[in-house]
Amino acid sequence: AGVTQTINRVVERTVERVVPGPTQTATVIKEVPVIVTEEDLIVSAIKNSEPAILKIVLASDPTKTISSGFIFSPDGLVASIIDRSLTPTRNQKYKAVLANGEVQDLEPVEEISGVTVFQLPKILVAENKFAFLELASGELSVGQTVLAIGASITLGEPNISISKIGAIIPGGATSTPVIKTIAASGDNFGGPIVNIKGHV
């Protein structure tokens, strides 16, 4: 009573080795309940997600942050939403500022429903020097906790907002499904919405 936060119980197995004699070995498995709160899962999801979050900047002016983005593939694919009102031309070139501060070229691959997909340089992919986020599997649910994570345009540091899924609007033959949440803000524009496992 009085506990309002969701508590998930995880069973952790610990192994204790017992040696009753010089030639006999017995193994005893003890199950120890460990309480993991939703808050613990959220903090872990943020910590694991941040290395894959990046800033999209103008190639002509790397100090001009246009949007956030995130790496979602071991092949170095990046997803973002580009606010065209902040770019001088339609054919503007972009670069990525990775979480470690490195600036890398971005090659546009395609644009789908307003989401632009970029490719990081092949040499970076070959060296496997970046983290990436996994895509979520399974059904979404109204009321599910989600996090919006972005490389803040105005604050200079990652920006995290926490919310619940308020509604799920299914897509049709000519429309994309929509997840309604108030987690997104101008400071995480273009970044991912992840669940408490850190999956997009």
# chains A, B, ... in the order shown; residues from 1 in each chain; ligands from 1
call {"tool": "select_by_dssp", "arguments": {"residues": "chain A", "states": "strand (DSSP E)", "output": "number ranges by chain"}}
result
A: 7-18, 26-37, 53-58, 65-71, 77-80, 94-97, 103-105, 107-112, 115-119, 145-151, 158-164, 167-169, 178-180, 193-195
call {"tool": "select_by_dssp", "arguments": {"residues": "segment 40-112 of chain A", "states": "helix (DSSP H, G or I)", "output": "number ranges by chain"}}
result
A: 40-52, 84-86
call {"tool": "write_last_selection", "arguments": {"atoms": "C-alpha atoms", "output": "mmCIF file, in the first residue's frame"}}
result
data_model
loop_
_atom_site.group_PDB
_atom_site.id
_atom_site.type_symbol
_atom_site.label_atom_id
_atom_site.label_comp_id
_atom_site.auth_asym_id
_atom_site.auth_seq_id
_atom_site.Cartn_x
_atom_site.Cartn_y
_atom_site.Cartn_z
ATOM 1 C CA ASP A 40 16.262 1.959 -12.433
ATOM 2 C CA LEU A 41 15.223 0.773 -15.896
ATOM 3 C CA ILE A 42 14.783 4.347 -17.150
ATOM 4 C CA VAL A 43 18.232 5.410 -15.916
ATOM 5 C CA SER A 44 19.782 2.329 -17.535
ATOM 6 C CA ALA A 45 17.945 2.958 -20.837
ATOM 7 C CA ILE A 46 19.209 6.549 -20.953
ATOM 8 C CA LYS A 47 22.791 5.535 -20.146
ATOM 9 C CA ASN A 48 22.784 2.838 -22.835
ATOM 10 C CA SER A 49 21.108 5.053 -25.466
ATOM 11 C CA GLU A 50 23.194 8.225 -25.199
ATOM 12 C CA PRO A 51 26.292 6.909 -27.059
ATOM 13 C CA ALA A 52 24.160 6.385 -30.189
ATOM 14 C CA ARG A 84 14.101 22.421 -43.852
ATOM 15 C CA SER A 85 13.347 25.941 -42.601
ATOM 16 C CA LEU A 86 16.761 25.904 -40.855
#
call {"tool": "residues_around", "arguments": {"residues": "segment 108-111 of chain A", "least_positions_apart": "3", "cutoff": "12 Å", "atoms": "only C-alpha atoms", "output": "list in words"}}
result
Ile56, Gly76, Leu77, Val78, Ala79, Ser80, Ile81, Ile82, Asn91, Gln92, Lys93, Tyr94, Lys95, Ala96, Asp105, Gly114, Val115, Thr116, Val117, Phe118, Gln119, Leu120 and Pro121 of chain A
call {"tool": "residues_around", "arguments": {"residues": "Gly138 of chain A", "least_positions_apart": "3", "cutoff": "12 Å", "atoms": "only C-alpha atoms", "output": "ChimeraX atom specification"}}
result
/A:135,141,195,199-200
call {"tool": "residues_around", "arguments": {"residues": "Asn159 of chain A", "least_positions_apart": "6", "cutoff": "7 Å", "atoms": "only C-alpha atoms", "output": "VMD selection string"}}
result
chain A and resid 149 to 152 187 to 188
call {"tool": "write_last_selection", "arguments": {"atoms": "N, CA, C and O atoms", "output": "compact mmCIF listing (two decimals), in the first residue's frame"}}
result
# COMPACT_ATOMS: atom_id res chain seq x y z
N ILE A 149 14.91 11.11 -26.47
CA ILE A 149 16.30 11.46 -26.19
C ILE A 149 16.86 12.22 -27.39
O ILE A 149 16.74 11.78 -28.53
N GLY A 150 17.46 13.37 -27.12
CA GLY A 150 18.02 14.15 -28.20
C GLY A 150 19.29 14.87 -27.78
O GLY A 150 19.54 15.07 -26.59
N ALA A 151 20.08 15.25 -28.77
CA ALA A 151 21.26 16.09 -28.53
C ALA A 151 20.76 17.52 -28.60
O ALA A 151 20.58 18.08 -29.66
N SER A 152 20.48 18.10 -27.46
CA SER A 152 19.78 19.38 -27.36
C SER A 152 20.39 20.46 -28.24
O SER A 152 21.59 20.68 -28.25
N ASP A 187 13.97 20.43 -27.91
CA ASP A 187 15.34 20.12 -27.53
C ASP A 187 15.73 18.68 -27.80
O ASP A 187 16.88 18.31 -27.62
N ASN A 188 14.78 17.82 -28.20
CA ASN A 188 15.17 16.47 -28.62
C ASN A 188 14.62 16.15 -30.01
O ASN A 188 14.53 15.01 -30.41
call {"tool": "atom_distance", "arguments": {"atom1": "atom CA of Ile162 of chain A", "atom2": "atom CA of Thr145 of chain A"}}
result
7.3 Å
call {"tool": "atom_distance", "arguments": {"atom1": "atom CA of Ser185 of chain A", "atom2": "atom CA of Ala148 of chain A"}}
result
8.2 Å
call {"tool": "decode", "arguments": {"residues": "segment 136-170 of chain A", "atoms": "N, CA, C and O atoms", "output": "PDB file, in the first residue's frame"}}
result
ATOM      1  N   ALA A 136      12.716  -1.740 -31.460  1.00  0.00           N
ATOM      2  CA  ALA A 136      11.864  -2.518 -30.565  1.00  0.00           C
ATOM      3  C   ALA A 136      11.089  -3.574 -31.338  1.00  0.00           C
ATOM      4  O   ALA A 136      10.731  -3.379 -32.493  1.00  0.00           O
ATOM      5  N   SER A 137      10.835  -4.681 -30.680  1.00  0.00           N
ATOM      6  CA  SER A 137       9.972  -5.716 -31.253  1.00  0.00           C
ATOM      7  C   SER A 137       8.796  -5.913 -30.304  1.00  0.00           C
ATOM      8  O   SER A 137       8.871  -5.583 -29.123  1.00  0.00           O
ATOM      9  N   GLY A 138       7.709  -6.411 -30.808  1.00  0.00           N
ATOM     10  CA  GLY A 138       6.538  -6.618 -29.968  1.00  0.00           C
ATOM     11  C   GLY A 138       5.552  -5.478 -30.108  1.00  0.00           C
ATOM     12  O   GLY A 138       5.803  -4.468 -30.755  1.00  0.00           O
ATOM     13  N   GLU A 139       4.415  -5.658 -29.471  1.00  0.00           N
ATOM     14  CA  GLU A 139       3.332  -4.696 -29.577  1.00  0.00           C
ATOM     15  C   GLU A 139       3.535  -3.513 -28.642  1.00  0.00           C
ATOM     16  O   GLU A 139       4.072  -3.658 -27.549  1.00  0.00           O
ATOM     17  N   LEU A 140       3.110  -2.330 -29.088  1.00  0.00           N
ATOM     18  CA  LEU A 140       3.078  -1.149 -28.233  1.00  0.00           C
ATOM     19  C   LEU A 140       1.762  -1.127 -27.473  1.00  0.00           C
ATOM     20  O   LEU A 140       0.768  -1.691 -27.925  1.00  0.00           O
ATOM     21  N   SER A 141       1.760  -0.447 -26.322  1.00  0.00           N
ATOM     22  CA  SER A 141       0.538  -0.356 -25.526  1.00  0.00           C
ATOM     23  C   SER A 141       0.332   1.073 -25.065  1.00  0.00           C
ATOM     24  O   SER A 141       1.290   1.767 -24.709  1.00  0.00           O
ATOM     25  N   VAL A 142      -0.911   1.516 -25.071  1.00  0.00           N
ATOM     26  CA  VAL A 142      -1.247   2.807 -24.482  1.00  0.00           C
ATOM     27  C   VAL A 142      -0.917   2.733 -23.000  1.00  0.00           C
ATOM     28  O   VAL A 142      -1.204   1.744 -22.329  1.00  0.00           O
ATOM     29  N   GLY A 143      -0.263   3.766 -22.487  1.00  0.00           N
ATOM     30  CA  GLY A 143       0.172   3.784 -21.092  1.00  0.00           C
ATOM     31  C   GLY A 143       1.603   3.338 -20.894  1.00  0.00           C
ATOM     32  O   GLY A 143       2.156   3.473 -19.800  1.00  0.00           O
ATOM     33  N   GLN A 144       2.231   2.812 -21.940  1.00  0.00           N
ATOM     34  CA  GLN A 144       3.625   2.362 -21.863  1.00  0.00           C
ATOM     35  C   GLN A 144       4.549   3.561 -21.676  1.00  0.00           C
ATOM     36  O   GLN A 144       4.370   4.602 -22.295  1.00  0.00           O
ATOM     37  N   THR A 145       5.554   3.425 -20.811  1.00  0.00           N
ATOM     38  CA  THR A 145       6.526   4.497 -20.579  1.00  0.00           C
ATOM     39  C   THR A 145       7.486   4.592 -21.752  1.00  0.00           C
ATOM     40  O   THR A 145       8.013   3.584 -22.225  1.00  0.00           O
ATOM     41  N   VAL A 146       7.702   5.817 -22.237  1.00  0.00           N
ATOM     42  CA  VAL A 146       8.654   6.054 -23.323  1.00  0.00           C
ATOM     43  C   VAL A 146       9.542   7.249 -22.988  1.00  0.00           C
ATOM     44  O   VAL A 146       9.170   8.116 -22.198  1.00  0.00           O
ATOM     45  N   LEU A 147      10.716   7.271 -23.585  1.00  0.00           N
ATOM     46  CA  LEU A 147      11.686   8.351 -23.381  1.00  0.00           C
ATOM     47  C   LEU A 147      12.025   8.968 -24.725  1.00  0.00           C
ATOM     48  O   LEU A 147      12.266   8.252 -25.694  1.00  0.00           O
ATOM     49  N   ALA A 148      12.042  10.283 -24.790  1.00  0.00           N
ATOM     50  CA  ALA A 148      12.539  10.978 -25.971  1.00  0.00           C
ATOM     51  C   ALA A 148      13.944  11.474 -25.639  1.00  0.00           C
ATOM     52  O   ALA A 148      14.145  12.129 -24.619  1.00  0.00           O
ATOM     53  N   ILE A 149      14.908  11.113 -26.467  1.00  0.00           N
ATOM     54  CA  ILE A 149      16.303  11.462 -26.194  1.00  0.00           C
ATOM     55  C   ILE A 149      16.856  12.224 -27.387  1.00  0.00           C
ATOM     56  O   ILE A 149      16.736  11.785 -28.532  1.00  0.00           O
ATOM     57  N   GLY A 150      17.457  13.369 -27.117  1.00  0.00           N
ATOM     58  CA  GLY A 150      18.023  14.152 -28.205  1.00  0.00           C
ATOM     59  C   GLY A 150      19.286  14.874 -27.784  1.00  0.00           C
ATOM     60  O   GLY A 150      19.544  15.070 -26.595  1.00  0.00           O
ATOM     61  N   ALA A 151      20.084  15.252 -28.774  1.00  0.00           N
ATOM     62  CA  ALA A 151      21.258  16.085 -28.535  1.00  0.00           C
ATOM     63  C   ALA A 151      20.762  17.522 -28.596  1.00  0.00           C
ATOM     64  O   ALA A 151      20.584  18.079 -29.665  1.00  0.00           O
ATOM     65  N   SER A 152      20.484  18.101 -27.455  1.00  0.00           N
ATOM     66  CA  SER A 152      19.784  19.379 -27.362  1.00  0.00           C
ATOM     67  C   SER A 152      20.387  20.462 -28.243  1.00  0.00           C
ATOM     68  O   SER A 152      21.590  20.685 -28.252  1.00  0.00           O
ATOM     69  N   ILE A 153      19.508  21.122 -28.996  1.00  0.00           N
ATOM     70  CA  ILE A 153      19.939  22.211 -29.872  1.00  0.00           C
ATOM     71  C   ILE A 153      20.302  23.445 -29.050  1.00  0.00           C
ATOM     72  O   ILE A 153      21.283  24.128 -29.313  1.00  0.00           O
ATOM     73  N   THR A 154      19.525  23.721 -27.995  1.00  0.00           N
ATOM     74  CA  THR A 154      19.730  24.955 -27.238  1.00  0.00           C
ATOM     75  C   THR A 154      20.561  24.763 -25.981  1.00  0.00           C
ATOM     76  O   THR A 154      21.278  25.664 -25.567  1.00  0.00           O
ATOM     77  N   LEU A 155      20.492  23.577 -25.366  1.00  0.00           N
ATOM     78  CA  LEU A 155      21.175  23.385 -24.090  1.00  0.00           C
ATOM     79  C   LEU A 155      22.621  22.922 -24.242  1.00  0.00           C
ATOM     80  O   LEU A 155      23.419  23.080 -23.337  1.00  0.00           O
ATOM     81  N   GLY A 156      22.944  22.327 -25.374  1.00  0.00           N
ATOM     82  CA  GLY A 156      24.304  21.844 -25.589  1.00  0.00           C
ATOM     83  C   GLY A 156      24.571  20.482 -24.983  1.00  0.00           C
ATOM     84  O   GLY A 156      25.605  19.891 -25.195  1.00  0.00           O
ATOM     85  N   GLU A 157      23.649  19.952 -24.198  1.00  0.00           N
ATOM     86  CA  GLU A 157      23.788  18.640 -23.589  1.00  0.00           C
ATOM     87  C   GLU A 157      22.585  17.783 -24.002  1.00  0.00           C
ATOM     88  O   GLU A 157      21.559  18.307 -24.413  1.00  0.00           O
ATOM     89  N   PRO A 158      22.702  16.452 -23.869  1.00  0.00           N
ATOM     90  CA  PRO A 158      21.549  15.606 -24.208  1.00  0.00           C
ATOM     91  C   PRO A 158      20.315  16.014 -23.410  1.00  0.00           C
ATOM     92  O   PRO A 158      20.408  16.401 -22.249  1.00  0.00           O
ATOM     93  N   ASN A 159      19.172  15.933 -24.057  1.00  0.00           N
ATOM     94  CA  ASN A 159      17.912  16.297 -23.423  1.00  0.00           C
ATOM     95  C   ASN A 159      17.002  15.077 -23.404  1.00  0.00           C
ATOM     96  O   ASN A 159      16.802  14.436 -24.429  1.00  0.00           O
ATOM     97  N   ILE A 160      16.472  14.763 -22.220  1.00  0.00           N
ATOM     98  CA  ILE A 160      15.616  13.594 -22.064  1.00  0.00           C
ATOM     99  C   ILE A 160      14.264  14.029 -21.531  1.00  0.00           C
ATOM    100  O   ILE A 160      14.184  14.827 -20.600  1.00  0.00           O
ATOM    101  N   SER A 161      13.195  13.529 -22.147  1.00  0.00           N
ATOM    102  CA  SER A 161      11.837  13.745 -21.654  1.00  0.00           C
ATOM    103  C   SER A 161      11.188  12.383 -21.465  1.00  0.00           C
ATOM    104  O   SER A 161      11.387  11.481 -22.278  1.00  0.00           O
ATOM    105  N   ILE A 162      10.423  12.234 -20.393  1.00  0.00           N
ATOM    106  CA  ILE A 162       9.768  10.969 -20.080  1.00  0.00           C
ATOM    107  C   ILE A 162       8.261  11.170 -20.155  1.00  0.00           C
ATOM    108  O   ILE A 162       7.732  12.159 -19.664  1.00  0.00           O
ATOM    109  N   SER A 163       7.569  10.218 -20.775  1.00  0.00           N
ATOM    110  CA  SER A 163       6.124  10.338 -20.916  1.00  0.00           C
ATOM    111  C   SER A 163       5.526   8.945 -21.039  1.00  0.00           C
ATOM    112  O   SER A 163       6.225   7.936 -20.880  1.00  0.00           O
ATOM    113  N   LYS A 164       4.244   8.909 -21.315  1.00  0.00           N
ATOM    114  CA  LYS A 164       3.526   7.663 -21.582  1.00  0.00           C
ATOM    115  C   LYS A 164       2.964   7.745 -22.997  1.00  0.00           C
ATOM    116  O   LYS A 164       2.756   8.824 -23.535  1.00  0.00           O
ATOM    117  N   ILE A 165       2.721   6.590 -23.600  1.00  0.00           N
ATOM    118  CA  ILE A 165       2.031   6.570 -24.879  1.00  0.00           C
ATOM    119  C   ILE A 165       0.571   6.892 -24.602  1.00  0.00           C
ATOM    120  O   ILE A 165      -0.111   6.173 -23.861  1.00  0.00           O
ATOM    121  N   GLY A 166       0.099   7.994 -25.197  1.00  0.00           N
ATOM    122  CA  GLY A 166      -1.274   8.427 -24.964  1.00  0.00           C
ATOM    123  C   GLY A 166      -2.262   7.797 -25.920  1.00  0.00           C
ATOM    124  O   GLY A 166      -3.429   7.573 -25.571  1.00  0.00           O
ATOM    125  N   ALA A 167      -1.819   7.503 -27.132  1.00  0.00           N
ATOM    126  CA  ALA A 167      -2.691   6.880 -28.125  1.00  0.00           C
ATOM    127  C   ALA A 167      -1.834   6.300 -29.236  1.00  0.00           C
ATOM    128  O   ALA A 167      -0.708   6.737 -29.459  1.00  0.00           O
ATOM    129  N   ILE A 168      -2.364   5.303 -29.892  1.00  0.00           N
ATOM    130  CA  ILE A 168      -1.710   4.704 -31.053  1.00  0.00           C
ATOM    131  C   ILE A 168      -2.718   4.746 -32.197  1.00  0.00           C
ATOM    132  O   ILE A 168      -3.796   4.168 -32.108  1.00  0.00           O
ATOM    133  N   ILE A 169      -2.364   5.479 -33.241  1.00  0.00           N
ATOM    134  CA  ILE A 169      -3.262   5.631 -34.395  1.00  0.00           C
ATOM    135  C   ILE A 169      -2.737   4.739 -35.511  1.00  0.00           C
ATOM    136  O   ILE A 169      -1.632   4.969 -36.019  1.00  0.00           O
ATOM    137  N   PRO A 170      -3.487   3.688 -35.864  1.00  0.00           N
ATOM    138  CA  PRO A 170      -2.985   2.777 -36.890  1.00  0.00           C
ATOM    139  C   PRO A 170      -2.861   3.452 -38.253  1.00  0.00           C
ATOM    140  O   PRO A 170      -3.602   4.385 -38.553  1.00  0.00           O
TER     141      PRO A 170
END
